[in-house]
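Colleague: Could you have a look at this structure, given as structure tokens, before my questions?
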Amino acid sequence: MGRTGDSRERIVRASARLLLSRSYGSVSVDDVCAAADVRKGSFYHFFPSKADLAKAVVDLHTDALLDRLAAAAGTSAAARLHGVADAVGAIQTRFESRFGRVVGCPFGNLAAELSTVDDTLRDHVASAFARWEREFAVICHRAHQDGALRDGVDPDRLAHSLLAHTQGRILLAKVGGHSAADVATGLHELIDVHLREGAV
């Protein structure tokens with residue numbers, strides 16, 4: 001068995017890998033414990049249920065995206081917007097490298113599987129999407145303030161479009177067997193359509 005001091009983190013990270021490569025319904029607590037090298041008692045010490053663990057996995061992925069956005073922030077408004085595409089693309093490329101294919105968005109996968117059967121988990125996923133959109137909106141509003149967006153572009157609607165486009169592109173790449181690079185390319189194209197000509 002692994003060290004007890006890092007058991008919670010190992011459980012969450014092992015679950016994140018399992019939920020990406022399989023599905024929530026097909027992953028058992030025993031599977032998680034085996035992958036994390038912990039006893040079942042340790043699992044239930046940290047997580048009363050598998051749904052509680054799934055929420056922790058959602059939080060892990062949310063924080064990873066927001067960290068990527070912060071790291072990708074450029075010096076100009078246009079660069080910061082394109083940093084959204086770069087951040088999403090980098091995460092999807094990492095998943096693709098690990099699993100050999102695009103496996104989808106952790107939130108989108110859970111939402112598709114559980115949105116009609118587990119209200120508390122659905123609400124948690126919805127709150128994660130809301131965090132994404134708020135961060136996207138901050139970036140879009142800065143671009144608007146800097147005069148980088150085309151006339152008539154609503155920063156909040158653009159933020160929502162970025163979120164929807166991200167989910168749609170990832171889903172299409174997953175089911176169509178496309179590469180993670182296609183996800184980032186599509187997002188860059190969406191951003192370019194909304195930027196004022198010459199904005200860099």
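We label chains A, B, ... in the order they appear in the structure tokens, count residues from 1 in each chain, and number ligands from 1 in the order shown.
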With a cut-off of 7 Å, could you pull out the residues of region 50-80 of chain A touching region 8-22 of chain A and give me the nearest pair of atoms for each, distance in Å to one decimal, using only C-alpha atoms, ordered by chain and ascending number, as a Markdown table?

Modeller:
```
| residue | atom | partner | partner_atom | distance |
| --- | --- | --- | --- | --- |
| A:Leu53 | CA | A:Val12 | CA | 6.8 |
| A:Ala56 | CA | A:Val12 | CA | 6.6 |
| A:Val57 | CA | A:Ala16 | CA | 5.7 |
```

Colleague: Can you list, as a ChimeraX atom specification, all residues belonging to region 6-195 of chain A that DSSP tags as helix (DSSP H, G or I)?

Modeller: /A:7-21,29-36,40-46,50-72,77-99,106-114,119-145,155-176,180-194

Colleague: Please build the interface table for region 70-138 of chain A against region 157-163 of chain A with a cut-off of 8 Å, listing for each qualifying residue the nearest atom pair and the distance in Å to one decimal; count only C-alpha atoms, order rows by chain and increasing number, and write it as a Markdown table.

Modeller:
```
| residue | atom | partner | partner_atom | distance |
| --- | --- | --- | --- | --- |
| A:Phe129 | CA | A:Leu163 | CA | 7.8 |
| A:Trp132 | CA | A:Leu163 | CA | 7.3 |
| A:Glu133 | CA | A:Ala159 | CA | 5.9 |
| A:Arg134 | CA | A:Ala159 | CA | 7.7 |
| A:Phe136 | CA | A:Ala159 | CA | 5.1 |
| A:Ala137 | CA | A:Ala159 | CA | 4.9 |
```

Colleague: To one decimal place in Å, what is the distance between CA of Asp151 (chain A) and CA of Ala181 (chain A)?

Modeller: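 These two atoms are separated by 29.5 Å.
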
Colleague: Select from region 27-72 of chain A every residue with an atom at most 10 Å from any atom of region 76-95 of chain A, then for each give the shortest pair of atoms and their distance in Å to one decimal, using only C-alpha atoms, rows by chain and rising number, as a tab-separated table.

Modeller:
```
residue	atom	partner	partner_atom	distance
A:His61	CA	A:Ile91	CA	9.5
A:Ala64	CA	A:Ile91	CA	8.4
A:Leu65	CA	A:Ala87	CA	6.8
A:Leu66	CA	A:Ala87	CA	8.6
A:Asp67	CA	A:Ala87	CA	8.9
A:Arg68	CA	A:Ala87	CA	5.3
A:Leu69	CA	A:Ala87	CA	5.7
A:Ala70	CA	A:Gly83	CA	8.7
A:Ala71	CA	A:Ala87	CA	8.4
A:Ala72	CA	A:Gly83	CA	5.1
```

Colleague: Could you write those residues out with N, CA and C atoms, as a PDB file, in the first residue's frame?

Modeller:
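Written out: again-v5.pdb:
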```pdb
ATOM      1  N   HIS A  61      -9.775  19.027 -12.274  1.00  0.00           N
ATOM      2  CA  HIS A  61      -9.679  19.430 -13.675  1.00  0.00           C
ATOM      3  C   HIS A  61      -9.980  20.918 -13.859  1.00  0.00           C
ATOM      4  N   ALA A  64      -6.947  22.809 -12.913  1.00  0.00           N
ATOM      5  CA  ALA A  64      -5.899  22.632 -13.919  1.00  0.00           C
ATOM      6  C   ALA A  64      -6.119  23.568 -15.106  1.00  0.00           C
ATOM      7  N   LEU A  65      -7.380  23.699 -15.533  1.00  0.00           N
ATOM      8  CA  LEU A  65      -7.665  24.599 -16.647  1.00  0.00           C
ATOM      9  C   LEU A  65      -7.384  26.047 -16.268  1.00  0.00           C
ATOM     10  N   LEU A  66      -7.846  26.468 -15.097  1.00  0.00           N
ATOM     11  CA  LEU A  66      -7.641  27.855 -14.688  1.00  0.00           C
ATOM     12  C   LEU A  66      -6.165  28.165 -14.515  1.00  0.00           C
ATOM     13  N   ASP A  67      -5.389  27.192 -14.031  1.00  0.00           N
ATOM     14  CA  ASP A  67      -3.940  27.372 -13.933  1.00  0.00           C
ATOM     15  C   ASP A  67      -3.326  27.535 -15.319  1.00  0.00           C
ATOM     16  N   ARG A  68      -3.804  26.739 -16.279  1.00  0.00           N
ATOM     17  CA  ARG A  68      -3.315  26.859 -17.652  1.00  0.00           C
ATOM     18  C   ARG A  68      -3.639  28.230 -18.230  1.00  0.00           C
ATOM     19  N   LEU A  69      -4.845  28.725 -17.958  1.00  0.00           N
ATOM     20  CA  LEU A  69      -5.228  30.043 -18.457  1.00  0.00           C
ATOM     21  C   LEU A  69      -4.320  31.122 -17.891  1.00  0.00           C
ATOM     22  N   ALA A  70      -4.019  31.013 -16.614  1.00  0.00           N
ATOM     23  CA  ALA A  70      -3.140  32.003 -15.983  1.00  0.00           C
ATOM     24  C   ALA A  70      -1.739  31.941 -16.579  1.00  0.00           C
ATOM     25  N   ALA A  71      -1.266  30.729 -16.834  1.00  0.00           N
ATOM     26  CA  ALA A  71       0.082  30.570 -17.381  1.00  0.00           C
ATOM     27  C   ALA A  71       0.168  31.014 -18.833  1.00  0.00           C
ATOM     28  N   ALA A  72      -0.967  30.914 -19.559  1.00  0.00           N
ATOM     29  CA  ALA A  72      -0.966  31.238 -20.983  1.00  0.00           C
ATOM     30  C   ALA A  72      -1.273  32.708 -21.252  1.00  0.00           C
TER      31      ALA A  72
END
```

Colleague: Smallest atom-to-atom distance to Ala199 (chain A): which of A:Gly147, A:Pro48, A:Pro106, A:Gly100, using only C-alpha atoms?

Modeller: A:Gly147

Colleague: Pick the closest to Asp192 (chain A) from A:Arg150, A:Arg131, A:Lys50, A:Arg98: which is it, counting only C-alpha atoms?

Modeller: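 Selected residue with least distance to Asp192 (chain A): A:Arg150.
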
Colleague: Between A:Arg142, A:His124, A:Arg39, A:His194, which one has atoms that come closest to Thr75 (chain A), using only C-alpha atoms?

Modeller: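 That would be A:Arg142, the residue with the smallest distance to Thr75 (chain A).
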
Colleague: Do you have the CA of Val103 (chain A)-CA of Ala51 (chain A) distance handy?

Modeller: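 Rounded to one decimal, the two atoms are 20.5 Å apart.
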
Colleague: Between A:Asp52, A:Asp6, A:Asp63, A:Asp182, single out the one closest to Asp37 (chain A), counting only C-alpha atoms.

Modeller: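 Smallest distance to Asp37 (chain A) is found for A:Asp6.
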